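This is my_file19.cif (mmCIF, C-alpha atoms).
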```
data_input
loop_
_atom_site.label_atom_id
_atom_site.label_comp_id
_atom_site.auth_asym_id
_atom_site.auth_seq_id
_atom_site.Cartn_x
_atom_site.Cartn_y
_atom_site.Cartn_z
CA MET O 1 -2.74 3.81 17.93
CA THR O 2 -2.15 7.56 18.06
CA GLU O 3 -3.90 9.43 15.28
CA ALA O 4 -1.46 10.72 12.71
CA VAL O 5 -2.08 14.36 11.83
CA VAL O 6 -0.26 16.32 9.14
CA PRO O 7 -0.46 20.13 9.33
CA HIS O 8 -2.57 21.86 6.72
CA PRO O 9 -0.63 24.22 4.44
CA SER O 10 -2.24 27.24 6.13
CA ASP O 11 -1.09 26.08 9.58
CA PRO O 12 2.20 27.37 11.06
CA GLY O 13 3.53 23.80 11.39
CA ALA O 14 3.55 23.39 7.63
CA SER O 15 5.45 26.58 6.84
CA ALA O 16 8.64 24.72 5.88
CA TRP O 17 6.79 22.51 3.41
CA ARG O 18 4.81 25.47 2.08
CA GLU O 19 7.95 27.51 1.48
CA LEU O 20 9.73 24.56 -0.15
CA PHE O 21 6.97 23.86 -2.66
CA ALA O 22 6.11 27.54 -3.25
CA SER O 23 9.73 28.17 -4.24
CA GLY O 24 9.47 25.55 -6.97
CA GLN O 25 11.69 23.01 -5.23
CA SER O 26 11.00 19.29 -4.88
CA TRP O 27 11.31 16.87 -1.99
CA VAL O 28 13.21 13.75 -3.03
CA VAL O 29 12.81 10.48 -1.11
CA PRO O 30 15.56 7.91 -1.75
CA PHE O 31 14.87 4.31 -2.66
CA ASP O 32 16.09 1.65 -0.21
CA ARG O 33 16.90 -0.91 -2.88
CA ALA O 34 18.62 -3.44 -0.61
CA ALA O 35 15.71 -3.59 1.85
CA ALA O 36 13.09 -3.69 -0.92
CA LEU O 37 14.82 -6.54 -2.77
CA ARG O 38 15.21 -8.41 0.51
CA ARG O 39 11.47 -8.17 1.08
CA LEU O 40 10.84 -9.23 -2.52
CA ARG O 41 12.85 -12.39 -1.92
CA GLY O 42 11.05 -12.87 1.39
CA SER O 43 7.68 -12.82 -0.37
CA VAL O 44 8.87 -15.63 -2.64
CA VAL O 45 9.97 -17.69 0.38
CA VAL O 46 6.61 -17.20 2.09
CA MET O 47 4.68 -18.12 -1.07
CA VAL O 48 6.72 -21.30 -1.48
CA GLY O 49 6.09 -22.17 2.15
CA CYS O 50 2.34 -21.67 1.68
CA ALA O 51 2.39 -23.80 -1.45
CA VAL O 52 4.15 -26.64 0.40
CA VAL O 53 1.61 -26.50 3.24
CA ILE O 54 -1.31 -26.47 0.78
CA ALA O 55 0.13 -29.48 -1.07
CA ALA O 56 0.61 -31.33 2.24
CA TRP O 57 -2.98 -30.75 3.38
CA MET O 58 -4.37 -31.73 -0.03
CA THR O 59 -2.26 -34.89 -0.10
CA LEU O 60 -3.43 -35.81 3.38
CA THR O 61 -7.04 -35.24 2.30
CA VAL O 62 -6.64 -37.61 -0.64
CA VAL O 63 -4.93 -40.23 1.51
CA ILE O 64 -7.74 -40.13 4.08
CA LEU O 65 -10.43 -40.42 1.42
CA THR O 66 -8.72 -43.28 -0.43
CA THR O 67 -7.44 -45.36 2.49
CA GLY O 68 -10.05 -44.66 5.14
CA PHE O 69 -7.51 -45.07 7.96
CA VAL O 70 -9.33 -42.32 9.92
CA ALA O 71 -12.86 -40.95 9.90
CA PRO O 72 -13.85 -39.07 6.71
CA ALA O 73 -14.55 -35.98 8.83
CA TYR O 74 -10.79 -35.46 9.07
CA ALA O 75 -10.65 -35.16 5.29
CA TRP O 76 -13.02 -32.20 5.49
CA ILE O 77 -10.80 -30.56 8.11
CA CYS O 78 -7.70 -31.05 5.98
CA GLY O 79 -9.53 -29.71 2.94
CA LEU O 80 -10.65 -26.60 4.80
CA LEU O 81 -7.11 -25.99 6.00
CA ALA O 82 -5.89 -26.27 2.41
CA VAL O 83 -8.48 -23.69 1.33
CA ALA O 84 -7.50 -21.37 4.20
CA PHE O 85 -3.83 -21.50 3.22
CA SER O 86 -4.86 -20.89 -0.40
CA PHE O 87 -6.31 -17.53 0.64
CA ILE O 88 -3.11 -16.76 2.52
CA PHE O 89 -1.11 -17.69 -0.58
CA VAL O 90 -3.18 -15.30 -2.72
CA ARG O 91 -2.57 -12.47 -0.26
CA PHE O 92 1.19 -12.95 -0.37
CA TYR O 93 1.09 -13.34 -4.15
CA LEU O 94 -0.52 -9.90 -4.39
CA THR O 95 2.12 -8.57 -1.99
CA HIS O 96 4.86 -10.10 -4.15
CA ARG O 97 3.31 -8.54 -7.25
CA ARG O 98 3.45 -5.10 -5.66
CA MET O 99 6.98 -5.65 -4.35
CA ARG O 100 8.15 -6.24 -7.93
CA ILE O 101 8.28 -2.48 -8.37
CA ALA O 102 11.61 -2.77 -6.54
CA ARG O 103 13.11 -4.18 -9.73
CA ALA O 104 12.24 -1.10 -11.80
CA SER O 105 12.58 1.82 -9.40
CA THR O 106 15.33 4.38 -9.76
CA ALA O 107 17.42 5.73 -6.89
CA GLU O 108 14.87 8.53 -6.46
CA TYR O 109 11.80 6.57 -5.39
CA LEU O 110 9.56 9.56 -4.76
CA VAL O 111 9.81 13.15 -5.94
CA VAL O 112 7.15 15.50 -4.52
CA SER O 113 6.57 19.01 -5.83
CA ALA O 114 3.85 21.62 -6.24
CA GLU O 115 3.23 20.21 -9.73
CA GLY O 116 2.77 16.58 -8.75
CA LEU O 117 4.53 13.32 -7.95
CA ARG O 118 7.07 11.16 -9.69
CA VAL O 119 7.07 7.58 -8.39
CA ALA O 120 9.91 5.10 -8.89
CA GLY O 121 11.49 7.41 -11.46
CA HIS O 122 9.04 6.51 -14.24
CA VAL O 123 5.45 7.32 -13.21
CA THR O 124 4.53 11.03 -13.19
CA VAL O 125 1.22 12.03 -11.60
CA PRO O 126 0.31 15.74 -11.89
CA TRP O 127 -1.83 17.10 -9.06
CA SER O 128 -4.24 18.37 -11.73
CA VAL O 129 -5.45 14.79 -12.33
CA VAL O 130 -5.62 13.77 -8.66
CA GLY O 131 -9.09 13.93 -7.11
CA GLY O 132 -8.64 12.63 -3.57
CA GLY O 133 -6.40 10.47 -1.50
CA ILE O 134 -5.60 9.06 1.88
CA GLY O 135 -2.41 7.92 3.56
CA VAL O 136 -2.02 5.51 6.44
CA ASP O 137 0.96 4.71 8.67
CA ALA O 138 0.20 1.69 10.86
CA ARG O 139 3.78 0.89 11.83
CA ASN O 140 3.25 1.80 15.47
CA GLU O 141 -0.03 -0.04 15.86
CA VAL O 142 -0.01 -2.29 18.91
CA GLN O 143 -0.60 -5.92 17.93
CA PRO O 144 -1.93 -8.65 20.25
CA ALA O 145 0.60 -11.27 21.32
CA TYR O 146 -1.05 -14.03 19.29
CA ARG O 147 -0.42 -11.97 16.14
CA ALA O 148 3.30 -11.55 16.74
CA PHE O 149 4.41 -14.41 14.47
CA ALA O 150 2.01 -13.44 11.68
CA VAL O 151 3.15 -9.82 11.82
CA GLY O 152 6.77 -10.93 11.61
CA VAL O 153 6.01 -13.01 8.51
CA GLU O 154 4.11 -10.13 6.91
CA GLN O 155 6.98 -7.71 7.47
CA TYR O 156 9.48 -10.26 6.15
CA ALA O 157 7.40 -10.64 2.98
CA GLY O 158 6.87 -6.91 2.43
CA VAL O 159 3.26 -6.39 3.49
CA MET O 160 2.89 -2.61 3.58
CA GLN O 161 2.13 -0.69 6.75
CA ALA O 162 2.50 2.82 5.34
CA GLU O 163 1.11 3.82 1.95
CA PHE O 164 -0.76 6.54 0.07
CA ALA O 165 -3.78 5.86 -2.17
CA LEU O 166 -4.70 8.53 -4.74
CA SER O 167 -7.53 8.66 -7.24
CA VAL O 168 -6.25 9.53 -10.71
CA ARG O 169 -8.20 10.73 -13.72
CA GLY O 170 -7.08 8.87 -16.85
CA VAL O 171 -5.49 6.15 -14.73
CA ARG O 172 -5.68 3.48 -17.45
CA SER O 173 -3.49 5.40 -19.89
CA LEU O 174 -1.05 6.24 -17.10
CA ARG O 175 -0.79 2.57 -16.14
CA ASP O 176 -0.37 1.38 -19.73
CA ALA O 177 2.51 3.82 -20.23
CA ALA O 178 4.36 2.61 -17.14
CA PRO O 179 7.07 -0.10 -17.19
CA ARG O 180 5.61 -3.56 -16.66
CA ASP O 181 7.03 -4.04 -13.17
CA LEU O 182 5.52 -0.72 -12.07
CA ARG O 183 1.98 -1.47 -13.22
CA ALA O 184 1.29 -3.13 -9.87
CA LEU O 185 1.17 0.41 -8.45
CA PHE O 186 -2.17 0.94 -10.17
CA GLU O 187 -5.64 -0.32 -9.37
CA VAL O 188 -7.96 0.05 -12.34
CA ILE O 189 -11.63 -0.88 -12.65
CA GLY O 190 -12.92 -0.04 -16.10
CA THR O 191 -11.82 3.54 -16.70
CA HIS O 192 -11.62 4.38 -13.00
CA GLY O 193 -9.11 3.79 -10.26
CA GLY O 194 -5.91 5.21 -8.94
CA ILE O 195 -2.45 4.56 -7.63
CA ARG O 196 -1.36 3.03 -4.33
CA ILE O 197 2.13 4.15 -3.39
CA PRO O 198 4.00 1.85 -0.98
CA ILE O 199 6.09 3.89 1.44
CA ASP O 200 7.57 1.87 4.30
CA THR O 201 8.62 -1.10 2.16
CA MET O 202 10.48 1.09 -0.34
CA VAL O 203 12.20 3.90 1.57
CA PRO O 204 14.46 4.06 4.64
CA PRO O 205 12.43 4.20 7.89
CA VAL O 206 13.73 7.69 8.70
CA HIS O 207 12.01 9.05 5.56
CA VAL O 208 8.55 7.45 5.92
CA VAL O 209 6.82 10.17 7.95
CA ARG O 210 8.44 12.99 5.98
CA ALA O 211 7.43 11.41 2.68
CA MET O 212 3.80 11.18 3.75
CA GLU O 213 3.84 14.75 5.07
CA ALA O 214 5.24 15.99 1.77
CA ILE O 215 2.58 14.21 -0.29
CA CYS O 216 -0.21 15.46 1.94
CA VAL O 217 0.84 19.11 2.12
CA ALA O 218 1.71 19.38 -1.58
CA GLY O 219 -1.60 17.77 -2.51
CA LEU O 220 -3.61 20.08 -0.29
CA MET O 221 -1.77 23.13 -1.62
CA SER O 222 -2.82 22.09 -5.13
CA GLY O 223 -6.47 21.69 -4.14
CA ALA O 224 -6.55 17.88 -4.09
CA ASN O 225 -8.54 16.41 -1.21
CA VAL O 226 -5.90 14.34 0.57
CA GLU O 227 -5.41 13.41 4.20
CA ILE O 228 -3.61 11.04 6.54
CA SER O 229 -5.46 8.94 9.09
CA SER O 230 -4.81 5.95 11.32
CA ASP O 231 -8.52 5.23 11.86
CA ARG O 232 -8.89 1.90 10.08
CA GLY O 233 -12.59 2.40 9.44
CA ARG O 234 -12.02 5.78 7.85
CA VAL O 235 -9.03 4.52 5.87
CA PHE O 236 -11.05 1.61 4.45
CA THR O 237 -13.98 3.86 3.51
CA ARG O 238 -11.77 6.47 1.90
CA VAL O 239 -9.72 3.92 -0.04
CA MET O 240 -12.94 2.45 -1.43
CA ASP O 241 -14.16 5.92 -2.38
CA VAL O 242 -10.82 6.97 -3.83
CA LEU O 243 -10.28 3.86 -5.94
CA GLY O 244 -13.91 2.85 -6.54
CA PRO O 245 -15.48 3.32 -9.99
CA GLY O 246 -17.09 6.67 -10.61
CA ARG O 247 -18.24 7.54 -7.12
CA GLY O 248 -17.02 11.11 -7.40
CA ARG O 249 -17.31 11.87 -3.69
CA TYR O 250 -13.94 13.61 -3.61
CA PRO O 251 -13.81 15.85 -6.69
CA ILE O 252 -10.78 17.85 -7.71
CA GLY O 253 -10.54 21.17 -5.91
CA GLU O 254 -12.95 20.26 -3.11
CA GLY O 255 -10.56 21.74 -0.59
CA ARG O 256 -9.43 20.68 2.85
CA PRO O 257 -10.96 17.47 4.20
CA GLU O 258 -12.31 17.14 7.69
CA TRP O 259 -9.33 16.03 9.76
CA SER O 260 -10.09 13.27 12.23
CA GLY O 261 -7.19 14.56 14.32
CA ASP O 262 -8.58 18.08 14.52
CA LYS O 263 -11.43 17.11 16.82
#
```
Would you mind writing the structure in this file as structure tokens?
Amino acid sequence: MTEAVVPHPSDPGASAWRELFASGQSWVVPFDRAAALRRLRGSVVVMVGCAVVIAAWMTLTVVILTTGFVAPAYAWICGLLAVAFSFIFVRFYLTHRRMRIARASTAEYLVVSAEGLRVAGHVTVPWSVVGGGIGVDARNEVQPAYRAFAVGVEQYAGVMQAEFALSVRGVRSLRDAAPRDLRALFEVIGTHGGIRIPIDTMVPPVHVVRAMEAICVAGLMSGANVEISSDRGRVFTRVMDVLGPGRGRYPIGEGRPEWSGDK
């Protein structure tokens, strides 16, 4: 997949963003309520389907063990399949939990300014409490043919492909003050953690790239160490560092990160 690169505020390509935020204006990203609610319902359908499959494999396991009409080894296979689908169920449950923010969001899903972010109309995150962050947009990633069906199911259920993860100081109090359906935005471990902002599942496709550019440039202008990357290894490492407890590798005001796309 082509590396996504957002211009730094000091680069000529970011002049429009720089002027917008420097003038005190905000960039407003609309909420695609119909699409988000459709994905929310899709996640329920997929969870129910997983539950039915799990119940079928478990029932077959019990039948094999109690009747002995086939070799006991088949019971182990059925049991393992039930366990495998249980993990799949958990994944889609977590997706459904995050998609529930669709029920509480206002028409302005994301408001980006030089002061900070407002998410879903209720959660305000000043840049002064943001340490680091990373965004990823994997929508154009080429998938192998054998993954086509799985990818279709994931998209139907609302599995995110574009999001922004930000570390937030005082994240627990911010989460506790948010409406219940919006608390799934937060990931908190002890007193540490941050916010993961779904993008592609909540806004019209035409606004995804612009929303991520706005977050990145506004964050960098404020001194927060934020970036966008499509390198899965880097994204995983940065998300762990951003949301992990007390690592402190990306302190506030550290400045511009090393851009993987600048090489």
**Study point:** Pick from O:Arg103, O:Arg147, O:Arg234, O:Arg91 nearest to O:Phe31, counting all atoms listed in the file
**Key:**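 Among the listed residues, the smallest separation from O:Phe31 belongs to O:Arg103.
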Counting all atoms listed in the file, which residues in stretch 59-164 of chain O sit no more than 6 Å from stretch 203-227 of chain O? For each one, give the nearest pair of atoms and the distance in Å, sorted by chain then residue number, as a Markdown table.
```
| residue | atom | partner | partner_atom | distance |
| --- | --- | --- | --- | --- |
| O:Ala114 | CA | O:Ala218 | CA | 5.6 |
| O:Gly131 | CA | O:Ala224 | CA | 5.6 |
| O:Gly132 | CA | O:Asn225 | CA | 4.5 |
| O:Gly133 | CA | O:Val226 | CA | 4.4 |
| O:Ile134 | CA | O:Glu227 | CA | 4.9 |
```
Practice item. For each of O:Thr106, O:Thr191, O:Ser128, O:Ser230, take the minimum atom-to-atom distance to O:Arg33, counting only C-alpha atoms, then give the residue where this is smallest. Key: O:Thr106
Check your understanding: Do you have the atom CA of O:His192-atom CA of O:Trp127 distance handy?
Key ->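 Rounded to one decimal, the two atoms are 16.5 Å apart.
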**Study point:** Matched chain/residue IDs from the PyMOL selection byres ((chain O and resi 115-120) around 9), as a ChimeraX atom specification
**Key:** /O:21,24,31,101-102,104-114,121-128,130,182,197,215,218-219,222
So which residues touch O:Ile77 within 10 Å, counting only C-alpha atoms, skipping near sequence neighbours fewer than 6 positions away, as a PDB file with C-alpha atoms, in the coordinates of the input?
```
ATOM      1  CA  TRP O  57      -2.980 -30.750   3.380  1.00  0.00           C
ATOM      2  CA  THR O  61      -7.040 -35.240   2.300  1.00  0.00           C
ATOM      3  CA  VAL O  83      -8.480 -23.690   1.330  1.00  0.00           C
TER       4      VAL O  83
END
```
Exercise for review: Go ahead and compute the interatomic distance for atom CA of O:Ala145 and atom CA of O:Val159, in Å to one decimal.
Suggested key: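 One can read the atom CA of O:Ala145 to atom CA of O:Val159 distance as 18.7 Å.
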**Study point:** Å distance separating atom CA of O:Phe149 from atom CA of O:Ala184, one decimal place
**Key:**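 Answer for the atom CA of O:Phe149 to atom CA of O:Ala184 separation: 27.0 Å.
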Review point. Restricting the calculation to only C-alpha atoms, which member of O:Pro179, O:Met202, O:Val239, O:Ala150 is positioned closest to O:Phe164?
Key: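 Looking only at the distances to O:Phe164, the closest residue turns out to be O:Val239.
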Practice item. Pull out every residue that the PyMOL selection byres ((chain O and resi 46) around 12) matches in the shown coordinates and put them as a PyMOL selection string. Key: chain O and resi 39-45+47-53+85+88-93+95-96+150+152-159
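Minimum atom-to-atom distance to O:Pro198, evaluated using only C-alpha atoms, belongs to O:Gly135 out of O:Thr237, O:Ser15, O:Val62, O:Gly135.
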